[in-house]
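Following: one structure in structure tokens, then a few remarks.
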Amino acid sequence: MKSNVDKLIQQLNSEKAAKYKNGIYHFTQTSLAYNSNRIEGSKLSHEHTINLFNTHTLLSSGDEVIDSNNIIETMNHFRAFDYILQNYNEPLNEELIKHLHEFYREPGYLTDTCLSAQDKYIAYCRHLVKDFA
């Protein structure tokens, strides 16, 4: 008998393959990306996020300025979620966390501050793996 998690993963994968736009996969992708990126300071609206997911394009209105880093981060968030979906059965470990982090390491995206925090990041990964593995 399938667990609820297995049923959810199957539904998410089914909707992803069908490119279904009114289901849990579309809702999860757009809502997670929007809310996560908003916490990080992104100025993209929820509508912008949905348009990026659906069409890979943005339409700004009037004098609206859209930071390209916000677009890159949102698109990478979609890719990271798909990676998690594809690998949800894998054990949580430092390698998996580092690989997820790589989705956000586009050229020109990370600042010197982010790069200088690499040691703290590695220590944090090890802490997560130790506590949740």
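By order in the structure tokens, chains are A, B, ...; within a chain, residues start at 1; ligands start at 1, following the order shown.
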Please produce, as JSON lines, a per-residue contact table for segment 51-112 of chain A versus segment 33-38 of chain A (criterion: any atom at most 10 Å away, only C-alpha atoms considered), showing the nearest atom pair and its distance in Å to one decimal, sorted by chain then residue number.
```
{"residue": "A:Phe53", "atom": "CA", "partner": "A:Ala33", "partner_atom": "CA", "distance": 9.5}
{"residue": "A:Asn70", "atom": "CA", "partner": "A:Asn37", "partner_atom": "CA", "distance": 7.7}
{"residue": "A:Ile71", "atom": "CA", "partner": "A:Asn37", "partner_atom": "CA", "distance": 9.9}
{"residue": "A:Glu73", "atom": "CA", "partner": "A:Asn37", "partner_atom": "CA", "distance": 7.4}
{"residue": "A:Thr74", "atom": "CA", "partner": "A:Ala33", "partner_atom": "CA", "distance": 6.0}
{"residue": "A:Met75", "atom": "CA", "partner": "A:Ala33", "partner_atom": "CA", "distance": 8.5}
{"residue": "A:Asn76", "atom": "CA", "partner": "A:Ala33", "partner_atom": "CA", "distance": 9.1}
{"residue": "A:His77", "atom": "CA", "partner": "A:Ala33", "partner_atom": "CA", "distance": 5.8}
{"residue": "A:Phe78", "atom": "CA", "partner": "A:Ala33", "partner_atom": "CA", "distance": 6.9}
{"residue": "A:Ala80", "atom": "CA", "partner": "A:Ala33", "partner_atom": "CA", "distance": 9.9}
{"residue": "A:Phe81", "atom": "CA", "partner": "A:Ala33", "partner_atom": "CA", "distance": 8.8}
```
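Taking atom CA of Lys43 of chain A and atom CA of Ser61 of chain A as endpoints, the distance between them is 13.5 Å.
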| request: Name the closest residue to Asn13 of chain A among the candidates A:Asp82, A:Glu102, A:Glu40, A:Glu94; distances are taken between atoms, counting only C-alpha atoms. | output: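 That would be A:Asp82, the residue with the smallest distance to Asn13 of chain A.
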| With only C-alpha atoms as the atoms that count, which of A:Leu59, A:Val65, A:Leu100, A:Ile50 lies nearest to Asn22 of chain A? | A:Ile50
| task | Write down as a PyMOL selection string the residues belonging to segment 13-75 of chain A that are assigned helix (DSSP H, G or I) by DSSP computed on the backbone. | result | chain A and resi 13-18+24-39+46-55+68-75
